[in-house]
>>> print(open('start.pdb').read())   # PDB, C-alpha atoms and all ligand atoms
MODEL        1
ATOM      1  CA  MET A   1      -0.340   0.264   4.281
ATOM      2  CA  LEU A   2      -0.286   3.954   3.552
ATOM      3  CA  LEU A   3      -1.380   5.613   0.304
ATOM      4  CA  LEU A   4      -1.009   9.236  -0.722
ATOM      5  CA  VAL A   5      -3.236  10.445  -3.537
ATOM      6  CA  LEU A   6      -0.923  12.615  -5.650
ATOM      7  CA  GLY A   7      -3.424  13.496  -8.353
ATOM      8  CA  THR A   8      -6.919  12.636  -9.563
ATOM      9  CA  ALA A   9      -7.290  14.050 -13.103
ATOM     10  CA  ALA A  10      -7.351  12.343 -16.482
ATOM     11  CA  GLY A  11      -4.910  13.288 -19.267
ATOM     12  CA  GLY A  12      -4.532  17.072 -19.545
ATOM     13  CA  GLY A  13      -5.166  17.698 -15.854
ATOM     14  CA  ILE A  14      -7.588  20.301 -14.490
ATOM     15  CA  PRO A  15      -7.180  22.944 -15.750
ATOM     16  CA  GLN A  16      -5.816  21.702 -19.062
ATOM     17  CA  TRP A  17      -3.525  24.295 -20.695
ATOM     18  CA  ASN A  18      -5.595  24.706 -23.896
ATOM     19  CA  CYS A  19      -9.077  24.236 -22.487
ATOM     20  CA  ALA A  20     -11.718  26.824 -21.592
ATOM     21  CA  CYS A  21     -14.464  24.350 -20.665
ATOM     22  CA  PRO A  22     -16.497  25.077 -17.486
ATOM     23  CA  GLY A  23     -14.424  22.560 -15.487
ATOM     24  CA  CYS A  24     -11.078  24.080 -16.505
ATOM     25  CA  SER A  25     -12.293  27.692 -16.204
ATOM     26  CA  GLY A  26     -13.757  26.854 -12.786
ATOM     27  CA  ALA A  27     -10.400  25.486 -11.631
ATOM     28  CA  ARG A  28      -8.610  28.646 -12.843
ATOM     29  CA  ALA A  29     -11.039  30.770 -10.832
ATOM     30  CA  HIS A  30     -11.007  28.470  -7.778
ATOM     31  CA  PRO A  31      -7.540  26.954  -7.258
ATOM     32  CA  ARG A  32      -8.905  24.380  -4.805
ATOM     33  CA  ARG A  33     -10.692  22.759  -7.746
ATOM     34  CA  ARG A  34      -7.378  22.055  -9.498
ATOM     35  CA  ARG A  35      -6.455  18.416  -9.956
ATOM     36  CA  ARG A  36      -3.082  17.092 -11.043
ATOM     37  CA  HIS A  37      -2.766  13.975 -13.222
ATOM     38  CA  ALA A  38      -3.926  10.776 -11.503
ATOM     39  CA  SER A  39      -1.221   9.201  -9.382
ATOM     40  CA  LEU A  40      -0.722   7.465  -6.064
ATOM     41  CA  ALA A  41       2.241   6.907  -3.753
ATOM     42  CA  VAL A  42       2.342   3.659  -1.799
ATOM     43  CA  ARG A  43       4.604   3.070   1.185
ATOM     44  CA  THR A  44       6.035  -0.438   0.829
ATOM     45  CA  GLY A  45       8.278  -0.276   3.890
ATOM     46  CA  GLU A  46       9.672   2.234   6.376
ATOM     47  CA  GLY A  47      10.840   5.247   4.347
ATOM     48  CA  ARG A  48      10.381   3.377   1.064
ATOM     49  CA  TRP A  49       7.808   4.480  -1.493
ATOM     50  CA  TYR A  50       6.684   3.603  -5.018
ATOM     51  CA  VAL A  51       4.817   6.053  -7.199
ATOM     52  CA  VAL A  52       1.991   4.529  -9.247
ATOM     53  CA  ASN A  53       2.207   6.068 -12.716
ATOM     54  CA  ALA A  54       4.721   8.764 -13.639
ATOM     55  CA  THR A  55       2.665  11.757 -14.746
ATOM     56  CA  PRO A  56       3.859  15.004 -16.339
ATOM     57  CA  ASP A  57       3.257  16.535 -12.856
ATOM     58  CA  ILE A  58       5.499  14.104 -10.948
ATOM     59  CA  GLY A  59       8.079  16.694  -9.845
ATOM     60  CA  ASP A  60       5.404  18.948  -8.328
ATOM     61  CA  GLN A  61       3.562  15.956  -6.904
ATOM     62  CA  ILE A  62       6.717  14.914  -5.019
ATOM     63  CA  GLU A  63       7.287  18.477  -3.777
ATOM     64  CA  ASP A  64       3.700  18.565  -2.431
ATOM     65  CA  ARG A  65       4.371  15.664  -0.020
ATOM     66  CA  PRO A  66       6.993  15.907   2.754
ATOM     67  CA  GLU A  67       6.977  12.087   2.998
ATOM     68  CA  LEU A  68       8.474  11.961  -0.509
ATOM     69  CA  HIS A  69      11.123  14.627  -0.012
ATOM     70  CA  PRO A  70      14.823  13.709  -0.258
ATOM     71  CA  GLY A  71      17.258  13.415   2.650
ATOM     72  CA  PRO A  72      19.109  13.110   4.886
ATOM     73  CA  GLY A  73      21.822  12.509   2.273
ATOM     74  CA  PRO A  74      22.038  15.267  -0.359
ATOM     75  CA  ARG A  75      20.666  13.038  -3.146
ATOM     76  CA  GLN A  76      18.927  10.383  -1.072
ATOM     77  CA  THR A  77      15.302   9.798  -2.067
ATOM     78  CA  PRO A  78      12.663   7.610  -0.415
ATOM     79  CA  ILE A  79      11.251   6.858  -3.870
ATOM     80  CA  ALA A  80      12.417   3.401  -4.950
ATOM     81  CA  GLY A  81      10.573   3.324  -8.223
ATOM     82  CA  VAL A  82       7.486   3.651 -10.360
ATOM     83  CA  ILE A  83       4.729   1.125 -11.022
ATOM     84  CA  LEU A  84       2.840   1.512 -14.294
ATOM     85  CA  THR A  85      -0.783   0.446 -14.792
ATOM     86  CA  ASP A  86      -0.562   1.089 -18.559
ATOM     87  CA  ALA A  87       1.605   2.862 -21.140
ATOM     88  CA  GLU A  88      -0.554   5.970 -21.753
ATOM     89  CA  LEU A  89       1.355   9.253 -22.034
ATOM     90  CA  ASP A  90      -0.337  10.761 -18.957
ATOM     91  CA  HIS A  91       1.051   7.824 -16.943
ATOM     92  CA  THR A  92       4.562   7.561 -18.429
ATOM     93  CA  LEU A  93       5.902  10.972 -19.526
ATOM     94  CA  GLY A  94       7.020  11.697 -15.961
ATOM     95  CA  LEU A  95       9.655   8.952 -16.148
ATOM     96  CA  ALA A  96      11.912  11.412 -17.978
ATOM     97  CA  ARG A  97      11.584  13.876 -15.082
ATOM     98  CA  LEU A  98      13.225  11.338 -12.757
ATOM     99  CA  ARG A  99      16.485  11.379 -14.773
ATOM    100  CA  GLU A 100      18.424  13.087 -11.945
ATOM    101  CA  ALA A 101      18.085   9.923  -9.791
ATOM    102  CA  ASP A 102      21.087   7.634  -9.311
ATOM    103  CA  GLY A 103      18.649   4.948 -10.354
ATOM    104  CA  PHE A 104      15.072   3.737  -9.970
ATOM    105  CA  GLU A 105      12.922   0.724 -10.765
ATOM    106  CA  VAL A 106      10.055   0.583 -13.220
ATOM    107  CA  LEU A 107       7.565  -2.226 -12.620
ATOM    108  CA  ALA A 108       5.185  -2.945 -15.483
ATOM    109  CA  THR A 109       3.817  -5.709 -17.670
ATOM    110  CA  ASP A 110       5.723  -6.841 -20.751
ATOM    111  CA  PRO A 111       3.700  -4.892 -23.381
ATOM    112  CA  VAL A 112       3.876  -1.716 -21.268
ATOM    113  CA  ARG A 113       7.662  -2.009 -20.768
ATOM    114  CA  ARG A 114       8.135  -2.630 -24.492
ATOM    115  CA  ALA A 115       6.014   0.385 -25.442
ATOM    116  CA  VAL A 116       7.865   2.706 -23.073
ATOM    117  CA  ARG A 117      11.320   1.389 -23.984
ATOM    118  CA  GLU A 118      10.930   0.782 -27.709
ATOM    119  CA  ARG A 119       8.226   3.206 -28.857
ATOM    120  CA  LEU A 120       8.846   6.144 -26.512
ATOM    121  CA  ARG A 121      12.532   5.084 -26.535
ATOM    122  CA  LEU A 122      12.829   5.972 -22.849
ATOM    123  CA  GLY A 123      15.196   3.021 -22.256
ATOM    124  CA  GLU A 124      17.804   4.405 -24.669
ATOM    125  CA  VAL A 125      17.123   8.036 -23.826
ATOM    126  CA  LEU A 126      17.391   7.650 -20.036
ATOM    127  CA  ALA A 127      20.359   5.229 -19.977
ATOM    128  CA  PRO A 128      23.047   7.976 -20.163
ATOM    129  CA  TYR A 129      21.385   9.832 -17.249
ATOM    130  CA  THR A 130      20.243   7.236 -14.722
ATOM    131  CA  ASP A 131      20.237   3.537 -14.023
ATOM    132  CA  VAL A 132      16.688   2.309 -14.687
ATOM    133  CA  THR A 133      15.868  -1.275 -13.701
ATOM    134  CA  TRP A 134      12.923  -2.521 -15.774
ATOM    135  CA  ARG A 135      11.020  -5.218 -13.904
ATOM    136  CA  GLU A 136       8.037  -7.442 -14.552
ATOM    137  CA  LEU A 137       4.922  -7.345 -12.411
ATOM    138  CA  PRO A 138       4.331  -8.835  -9.849
ATOM    139  CA  GLY A 139       7.003  -7.197  -7.749
ATOM    140  CA  HIS A 140       8.563  -9.410  -5.092
ATOM    141  CA  GLY A 141      10.337  -8.349  -1.961
ATOM    142  CA  PRO A 142       9.601  -7.428   1.629
ATOM    143  CA  GLY A 143       6.590  -5.348   2.609
ATOM    144  CA  VAL A 144       3.616  -4.609   0.376
ATOM    145  CA  ARG A 145       3.100  -7.123  -2.440
ATOM    146  CA  ILE A 146       2.404  -5.608  -5.819
ATOM    147  CA  SER A 147       0.637  -7.474  -8.619
ATOM    148  CA  GLY A 148      -1.357  -6.620 -11.733
ATOM    149  CA  ILE A 149      -4.711  -7.986 -12.854
ATOM    150  CA  PRO A 150      -5.053  -7.767 -16.645
ATOM    151  CA  VAL A 151      -8.014  -5.548 -17.503
ATOM    152  CA  SER A 152      -7.944  -4.839 -21.221
ATOM    153  CA  GLY A 153      -5.961  -4.770 -24.451
ATOM    154  CA  LYS A 154      -6.441  -1.012 -24.873
ATOM    155  CA  ARG A 155      -3.099   0.398 -25.986
ATOM    156  CA  PRO A 156      -1.963   3.985 -26.406
ATOM    157  CA  ARG A 157      -2.509   5.702 -29.742
ATOM    158  CA  TYR A 158       1.279   5.892 -30.299
ATOM    159  CA  ALA A 159       1.361   2.076 -30.171
ATOM    160  CA  ALA A 160      -1.886   1.397 -32.057
ATOM    161  CA  ASP A 161      -0.222  -1.218 -34.299
ATOM    162  CA  ALA A 162       1.518  -3.085 -31.436
ATOM    163  CA  PRO A 163       0.531  -6.713 -30.790
ATOM    164  CA  ASP A 164      -2.614  -7.666 -28.897
ATOM    165  CA  ASP A 165      -2.153  -8.452 -25.245
ATOM    166  CA  ASP A 166      -4.663  -8.329 -22.404
ATOM    167  CA  ALA A 167      -1.953  -6.936 -20.107
ATOM    168  CA  TRP A 168      -1.774  -3.537 -21.854
ATOM    169  CA  VAL A 169      -3.824  -2.247 -18.945
ATOM    170  CA  VAL A 170      -3.831  -3.734 -15.462
ATOM    171  CA  ALA A 171      -5.573  -3.064 -12.195
ATOM    172  CA  LEU A 172      -2.923  -2.913  -9.519
ATOM    173  CA  ARG A 173      -3.397  -5.043  -6.430
ATOM    174  CA  LEU A 174      -1.486  -3.844  -3.369
ATOM    175  CA  TYR A 175      -1.497  -6.332  -0.514
ATOM    176  CA  ASP A 176      -0.009  -5.694   2.913
ATOM    177  CA  PRO A 177       0.639  -9.033   4.672
ATOM    178  CA  ALA A 178       1.193  -7.276   8.013
ATOM    179  CA  SER A 179      -2.315  -5.767   8.174
ATOM    180  CA  ARG A 180      -3.815  -8.273   5.675
ATOM    181  CA  THR A 181      -5.422  -5.437   3.770
ATOM    182  CA  SER A 182      -5.563  -4.996   0.016
ATOM    183  CA  VAL A 183      -6.191  -2.130  -2.327
ATOM    184  CA  LEU A 184      -7.210  -2.320  -5.958
ATOM    185  CA  TYR A 185      -6.134   0.666  -8.087
ATOM    186  CA  ALA A 186      -7.502   0.802 -11.634
ATOM    187  CA  PRO A 187      -7.396   4.289 -13.180
ATOM    188  CA  ALA A 188      -8.084   2.970 -16.706
ATOM    189  CA  LEU A 189     -11.020   0.619 -17.215
ATOM    190  CA  ALA A 190     -12.100  -0.208 -20.755
ATOM    191  CA  ASP A 191     -13.696  -3.378 -19.481
ATOM    192  CA  TRP A 192     -14.692  -5.115 -16.218
ATOM    193  CA  PRO A 193     -13.598  -8.756 -16.632
ATOM    194  CA  GLU A 194     -14.598 -11.492 -14.192
ATOM    195  CA  ARG A 195     -11.091 -11.588 -12.650
ATOM    196  CA  LEU A 196     -11.373  -7.881 -11.830
ATOM    197  CA  GLN A 197     -14.762  -8.488 -10.197
ATOM    198  CA  ARG A 198     -13.256 -11.242  -8.017
ATOM    199  CA  ALA A 199     -10.337  -9.013  -6.982
ATOM    200  CA  ALA A 200     -12.749  -6.152  -6.196
ATOM    201  CA  GLU A 201     -14.834  -8.448  -3.989
ATOM    202  CA  GLU A 202     -11.713  -9.385  -1.991
ATOM    203  CA  ALA A 203     -10.314  -5.848  -1.656
ATOM    204  CA  ASP A 204     -10.711  -3.501   1.313
ATOM    205  CA  CYS A 205     -10.411  -0.411  -0.866
ATOM    206  CA  VAL A 206     -11.146   0.000  -4.586
ATOM    207  CA  ILE A 207     -10.048   3.095  -6.511
ATOM    208  CA  VAL A 208     -11.185   3.172 -10.137
ATOM    209  CA  ASP A 209     -11.513   5.052 -13.410
ATOM    210  CA  GLY A 210     -13.931   7.974 -13.064
ATOM    211  CA  THR A 211     -12.968   9.671 -16.351
ATOM    212  CA  PHE A 212     -16.515  10.290 -17.604
ATOM    213  CA  TRP A 213     -19.833  10.544 -15.774
ATOM    214  CA  ASP A 214     -21.899   9.055 -18.615
ATOM    215  CA  ASP A 215     -21.266   7.443 -21.965
ATOM    216  CA  GLU A 216     -22.359  10.443 -24.093
ATOM    217  CA  GLU A 217     -20.266  13.009 -22.158
ATOM    218  CA  PRO A 218     -17.310  13.257 -24.602
ATOM    219  CA  VAL A 219     -19.668  13.739 -27.571
ATOM    220  CA  ARG A 220     -22.035  16.126 -25.760
ATOM    221  CA  THR A 221     -19.196  18.341 -24.548
ATOM    222  CA  GLY A 222     -17.591  18.381 -28.001
ATOM    223  CA  ILE A 223     -14.205  16.926 -27.035
ATOM    224  CA  SER A 224     -14.570  13.769 -29.120
ATOM    225  CA  SER A 225     -16.745  12.038 -31.679
ATOM    226  CA  ARG A 226     -16.436   8.850 -29.618
ATOM    227  CA  THR A 227     -18.424   7.835 -26.551
ATOM    228  CA  ALA A 228     -16.728   7.160 -23.208
ATOM    229  CA  THR A 229     -16.811   3.418 -23.903
ATOM    230  CA  GLY A 230     -15.460   4.075 -27.404
ATOM    231  CA  MET A 231     -12.555   5.963 -25.830
ATOM    232  CA  GLY A 232     -11.806   3.020 -23.531
ATOM    233  CA  HIS A 233     -13.352   4.308 -20.307
ATOM    234  CA  LEU A 234     -16.389   2.676 -18.727
ATOM    235  CA  PRO A 235     -18.677   5.526 -17.621
ATOM    236  CA  ILE A 236     -19.713   5.977 -13.987
ATOM    237  CA  ASP A 237     -23.460   6.298 -14.532
ATOM    238  CA  GLY A 238     -26.009   4.326 -16.517
ATOM    239  CA  PRO A 239     -26.525   0.663 -17.342
ATOM    240  CA  GLY A 240     -23.174  -1.148 -17.356
ATOM    241  CA  GLY A 241     -21.641   1.857 -15.593
ATOM    242  CA  THR A 242     -19.185   1.353 -12.778
ATOM    243  CA  ALA A 243     -21.275   2.994 -10.012
ATOM    244  CA  GLU A 244     -23.752   0.118  -9.883
ATOM    245  CA  ARG A 245     -20.864  -2.354  -9.609
ATOM    246  CA  LEU A 246     -19.102  -0.390  -6.868
ATOM    247  CA  ALA A 247     -22.346   0.050  -4.920
ATOM    248  CA  ARG A 248     -22.583  -3.741  -4.514
ATOM    249  CA  LEU A 249     -19.045  -4.114  -3.080
ATOM    250  CA  SER A 250     -18.273  -4.135   0.623
ATOM    251  CA  ALA A 251     -14.975  -2.277   0.014
ATOM    252  CA  ARG A 252     -14.438   1.453   0.456
ATOM    253  CA  CYS A 253     -14.822   2.726  -3.139
ATOM    254  CA  LEU A 254     -13.450   5.884  -4.749
ATOM    255  CA  TYR A 255     -13.208   7.432  -8.201
ATOM    256  CA  THR A 256     -10.072   8.983  -9.681
ATOM    257  CA  HIS A 257      -8.767   9.992 -13.189
ATOM    258  CA  LEU A 258     -11.581  12.537 -13.673
ATOM    259  CA  ASN A 259     -11.711  14.250 -17.041
ATOM    260  CA  ASN A 260     -12.173  18.018 -17.054
ATOM    261  CA  THR A 261     -15.597  17.536 -18.719
ATOM    262  CA  ASN A 262     -16.850  15.377 -15.835
ATOM    263  CA  PRO A 263     -19.540  17.218 -13.804
ATOM    264  CA  LEU A 264     -17.870  15.874 -10.622
ATOM    265  CA  VAL A 265     -15.055  18.431 -11.036
ATOM    266  CA  ASP A 266     -17.574  20.997  -9.763
ATOM    267  CA  PRO A 267     -17.948  20.438  -6.002
ATOM    268  CA  ALA A 268     -21.548  21.771  -6.185
ATOM    269  CA  ALA A 269     -22.679  19.282  -8.851
ATOM    270  CA  PRO A 270     -25.712  17.166  -7.832
ATOM    271  CA  GLN A 271     -23.849  14.069  -9.051
ATOM    272  CA  HIS A 272     -21.833  14.150  -5.806
ATOM    273  CA  LYS A 273     -25.018  13.468  -3.821
ATOM    274  CA  ARG A 274     -25.908  10.600  -6.140
ATOM    275  CA  LEU A 275     -22.576   8.923  -5.408
ATOM    276  CA  ALA A 276     -22.740   9.681  -1.683
ATOM    277  CA  ARG A 277     -26.110   7.910  -1.502
ATOM    278  CA  LEU A 278     -24.417   4.829  -3.009
ATOM    279  CA  GLY A 279     -21.591   5.107  -0.467
ATOM    280  CA  ILE A 280     -19.018   5.969  -3.171
ATOM    281  CA  GLU A 281     -16.365   8.688  -2.729
ATOM    282  CA  VAL A 282     -14.521  10.919  -5.172
ATOM    283  CA  ALA A 283     -10.792  11.003  -4.437
ATOM    284  CA  TYR A 284      -9.077  14.384  -4.182
ATOM    285  CA  ASP A 285      -5.477  15.525  -4.461
ATOM    286  CA  GLY A 286      -3.731  15.313  -1.114
ATOM    287  CA  MET A 287      -6.014  12.597   0.248
ATOM    288  CA  VAL A 288      -4.358  10.077   2.566
ATOM    289  CA  ILE A 289      -5.749   6.544   2.578
ATOM    290  CA  GLU A 290      -4.874   4.060   5.302
ATOM    291  CA  PRO A 291      -6.800   0.890   4.482
TER     292      PRO A 291
HETATM  293  C1  LIG A 301      -6.710   7.763 -21.597
HETATM  294  O1  LIG A 301      -6.834   7.740 -20.363
HETATM  295  O2  LIG A 301      -7.570   7.288 -22.351
HETATM  296  C2  LIG A 301      -5.499   8.371 -22.191
HETATM  297  O3  LIG A 301      -4.668   8.877 -21.204
HETATM  298  C3  LIG A 301      -5.905   9.361 -23.214
HETATM  299  C4  LIG A 301      -4.821  10.345 -23.521
HETATM  300  O4  LIG A 301      -4.639  11.309 -22.753
HETATM  301  O5  LIG A 301      -4.147  10.197 -24.547
HETATM  302 MN    MN A 302      -5.462   8.768 -19.069
HETATM  303 ZN    ZN A 303     -11.404  21.640 -19.875
ENDMDL
END
>>> encode(input="start.pdb", output="structure tokens")
Amino acid sequence: MLLLVLGTAAGGGIPQWNCACPGCSGARAHPRRRRRHASLAVRTGEGRWYVVNATPDIGDQIEDRPELHPGPGPRQTPIAGVILTDAELDHTLGLARLREADGFEVLATDPVRRAVRERLRLGEVLAPYTDVTWRELPGHGPGVRISGIPVSGKRPRYAADAPDDDAWVVALRLYDPASRTSVLYAPALADWPERLQRAAEEADCVIVDGTFWDDEEPVRTGISSRTATGMGHLPIDGPGGTAERLARLSARCLYTHLNNTNPLVDPAAPQHKRLARLGIEVAYDGMVIEP
């Protein structure tokens, strides 16, 4: 299995267009600190790729990676489709940027497909441009097996009144039968249910939500009146934080989906040493993972 990390930032990216916080200002001054919206490309077969979550940066993210470039035919792309972990805008707005394709697949759970098709109206809007095939998770077929582990009922604000369903957000499980390796990708964690714990214990590589360092961060930095947990993101640090859970796993563990307020966006922050001592990594844009 081969994974390309296409982006590692939470909604807004780093820098975020309207933000002058230290993280965003630091990224303007030091371009290597920039992070595009969190996304991953997974190779499911020779010359066949799926992009996990379609971010507003998807066009640039594809251009950044020669493996994802078109050819040899004039409009031939190695990208077969998009897998969605949830229906949040930072993970779905990029679908509209793929409208030049002859067609592509979207794999997602039922509530996520309904939100994108009926609330964002991307089914109707894209139909005159491209042939989108909307498919349920798990995805079947040759090569890497793709399934979703329901994580939480957290739904996007634009669908706040939509029905309850614990498959609004999933952790993606990517399993390669050839190498018998599995990866768990969960960029949005409002909760850590028992089934997620079991999947994490079986995985070789676990990549999870690192939006906020601690629960008070959004309030302290003035971006929200809600805590991290209140915003639907388990914090990294503190009791009930994800770091203590990851530290107990035997898998290679990484954080992604960093918010621009997270101290980890500064490479000199002492928090990096804290994680390194626990054996936990922070993913970066351009990282290649071969589990
Ligand atoms: C989230 O991760 O909680 C959402 O993407 C928030 C947002 O950007 O609307
Ligand atoms: Mn997000
Ligand atoms: Zn900022």
>>> resolve_selection(input="start.pdb", expression="the PyMOL selection byres (((chain A and resi 29-43) around 8) and not hetatm)", output="PyMOL selection string")
chain A and resi 1-15+25-28+44-57+61+90-91+144+187+256-257+265-267+284-285
>>> resolve_selection(input="start.pdb", expression="the PyMOL selection byres (((not hetatm)) within 8 of (chain A and resi 303))", output="number ranges by chain")
A: 14-16, 18-25, 259-261
>>> atom_distance(input="start.pdb", atom1="atom CA of A:Ser147", atom2="atom CA of A:Arg99")
25.4 Å
>>> closest_residue(input="start.pdb", among="A:Ala283, A:Leu264, A:Val132, A:Val112", to="A:Gly153", atoms="only C-alpha atoms")
A:Val112
>>> residues_around(input="start.pdb", residues="A:Gly230", least_positions_apart="5", cutoff="12 Å", atoms="all atoms listed in the file", output="number ranges by chain")
A: 154, 189-191, 212, 214-219, 224-225, 235
>>> resolve_selection(input="start.pdb", expression="the PyMOL selection byres (((chain A and resi 103) around 8) and not hetatm)", output="JSON, numbers by chain")
{"A": [101, 102, 104, 105, 130, 131, 132, 133]}
>>> closest_residue(input="start.pdb", among="A:Arg121, A:Lys273, A:Arg252, A:Arg245", to="A:Tyr185", atoms="all atoms listed in the file")
A:Arg252
>>> axis_aligned_box(input="start.pdb", around="stretch 65-75 of chain A", padding_each_side="4 Å", output="JSON")
{"center_x": 13.2, "center_y": 13.9, "center_z": 0.9, "size_x": 25.7, "size_y": 11.9, "size_z": 16.0}
>>> closest_residue(input="start.pdb", among="A:Val282, A:Leu89, A:Ala203, A:Leu254", to="ligand LIG 301 (chain A)", atoms="all atoms listed in the file")
A:Leu89
>>> residues_near_point(input="start.pdb", point="(6.0, -5.8, -26.1)", cutoff="12 Å", atoms="only C-alpha atoms", output="PyMOL selection string")
chain A and resi 87+108-119+136+155+159+161-168
>>> atom_distance(input="start.pdb", atom1="atom CA of A:Ala247", atom2="atom CA of A:Ile280")
7.0 Å
>>> closest_residue(input="start.pdb", among="A:Gly59, A:Pro291, A:Gly232, A:Pro138", to="ligand MN 302 (chain A)", atoms="all atoms listed in the file")
A:Gly232
>>> atom_distance(input="start.pdb", atom1="atom CA of A:Gly148", atom2="atom CA of A:Ala228")
23.6 Å
>>> residues_around(input="start.pdb", residues="A:Arg145", least_positions_apart="5", cutoff="9 Å", atoms="all atoms listed in the file", output="ChimeraX atom specification")
/A:44,138-140,173-177
>>> residues_around(input="start.pdb", residues="stretch 193-199 of chain A", least_positions_apart="6", cutoff="10 Å", atoms="only C-alpha atoms", output="VMD selection string")
chain A and resid 149 to 152 170 to 173 182 to 184 186 206 245 to 246 249
>>> closest_residue(input="start.pdb", among="A:Asp60, A:Glu202, A:Asp237, A:Glu281", to="A:Arg97", atoms="only C-alpha atoms")
A:Asp60
>>> closest_residue(input="start.pdb", among="A:Ala127, A:Leu98, A:Ala160, A:Val169", to="A:Leu84", atoms="all atoms listed in the file")
A:Val169
>>> decode(input="start.pdb", residues="stretch 26-41 of chain A", atoms="N, CA and C atoms", output="PDB file, in the first residue's frame")
ATOM      1  N   GLY A  26       3.108  33.059  10.903  1.00  0.00           N
ATOM      2  CA  GLY A  26       4.355  32.291  10.799  1.00  0.00           C
ATOM      3  C   GLY A  26       4.456  31.579   9.459  1.00  0.00           C
ATOM      4  N   ALA A  27       3.336  31.050   8.982  1.00  0.00           N
ATOM      5  CA  ALA A  27       3.343  30.332   7.698  1.00  0.00           C
ATOM      6  C   ALA A  27       3.507  31.295   6.522  1.00  0.00           C
ATOM      7  N   ARG A  28       3.012  32.558   6.691  1.00  0.00           N
ATOM      8  CA  ARG A  28       3.230  33.543   5.615  1.00  0.00           C
ATOM      9  C   ARG A  28       4.710  33.917   5.540  1.00  0.00           C
ATOM     10  N   ALA A  29       5.336  34.001   6.707  1.00  0.00           N
ATOM     11  CA  ALA A  29       6.759  34.382   6.752  1.00  0.00           C
ATOM     12  C   ALA A  29       7.675  33.216   6.364  1.00  0.00           C
ATOM     13  N   HIS A  30       7.241  32.004   6.663  1.00  0.00           N
ATOM     14  CA  HIS A  30       8.057  30.803   6.402  1.00  0.00           C
ATOM     15  C   HIS A  30       7.228  29.815   5.590  1.00  0.00           C
ATOM     16  N   PRO A  31       7.310  29.890   4.260  1.00  0.00           N
ATOM     17  CA  PRO A  31       6.430  29.057   3.420  1.00  0.00           C
ATOM     18  C   PRO A  31       6.492  27.557   3.722  1.00  0.00           C
ATOM     19  N   ARG A  32       7.589  27.084   4.299  1.00  0.00           N
ATOM     20  CA  ARG A  32       7.648  25.647   4.605  1.00  0.00           C
ATOM     21  C   ARG A  32       6.700  25.261   5.732  1.00  0.00           C
ATOM     22  N   ARG A  33       6.185  26.270   6.457  1.00  0.00           N
ATOM     23  CA  ARG A  33       5.215  25.965   7.511  1.00  0.00           C
ATOM     24  C   ARG A  33       3.785  25.902   6.982  1.00  0.00           C
ATOM     25  N   ARG A  34       3.594  26.171   5.694  1.00  0.00           N
ATOM     26  CA  ARG A  34       2.240  26.132   5.132  1.00  0.00           C
ATOM     27  C   ARG A  34       1.713  24.706   5.146  1.00  0.00           C
ATOM     28  N   ARG A  35       0.439  24.575   5.374  1.00  0.00           N
ATOM     29  CA  ARG A  35      -0.223  23.266   5.310  1.00  0.00           C
ATOM     30  C   ARG A  35      -1.520  23.415   4.541  1.00  0.00           C
ATOM     31  N   ARG A  36      -1.715  22.571   3.551  1.00  0.00           N
ATOM     32  CA  ARG A  36      -2.992  22.551   2.835  1.00  0.00           C
ATOM     33  C   ARG A  36      -3.993  21.738   3.648  1.00  0.00           C
ATOM     34  N   HIS A  37      -5.279  21.819   3.240  1.00  0.00           N
ATOM     35  CA  HIS A  37      -6.335  21.083   3.946  1.00  0.00           C
ATOM     36  C   HIS A  37      -6.047  19.577   3.973  1.00  0.00           C
ATOM     37  N   ALA A  38      -6.405  18.952   5.074  1.00  0.00           N
ATOM     38  CA  ALA A  38      -6.077  17.532   5.309  1.00  0.00           C
ATOM     39  C   ALA A  38      -6.654  16.617   4.234  1.00  0.00           C
ATOM     40  N   SER A  39      -5.782  15.850   3.628  1.00  0.00           N
ATOM     41  CA  SER A  39      -6.178  14.916   2.580  1.00  0.00           C
ATOM     42  C   SER A  39      -5.074  13.897   2.369  1.00  0.00           C
ATOM     43  N   LEU A  40      -5.478  12.782   1.760  1.00  0.00           N
ATOM     44  CA  LEU A  40      -4.576  11.643   1.583  1.00  0.00           C
ATOM     45  C   LEU A  40      -4.885  11.038   0.230  1.00  0.00           C
ATOM     46  N   ALA A  41      -3.857  10.566  -0.485  1.00  0.00           N
ATOM     47  CA  ALA A  41      -4.134   9.766  -1.690  1.00  0.00           C
ATOM     48  C   ALA A  41      -3.698   8.345  -1.400  1.00  0.00           C
TER      49      ALA A  41
END
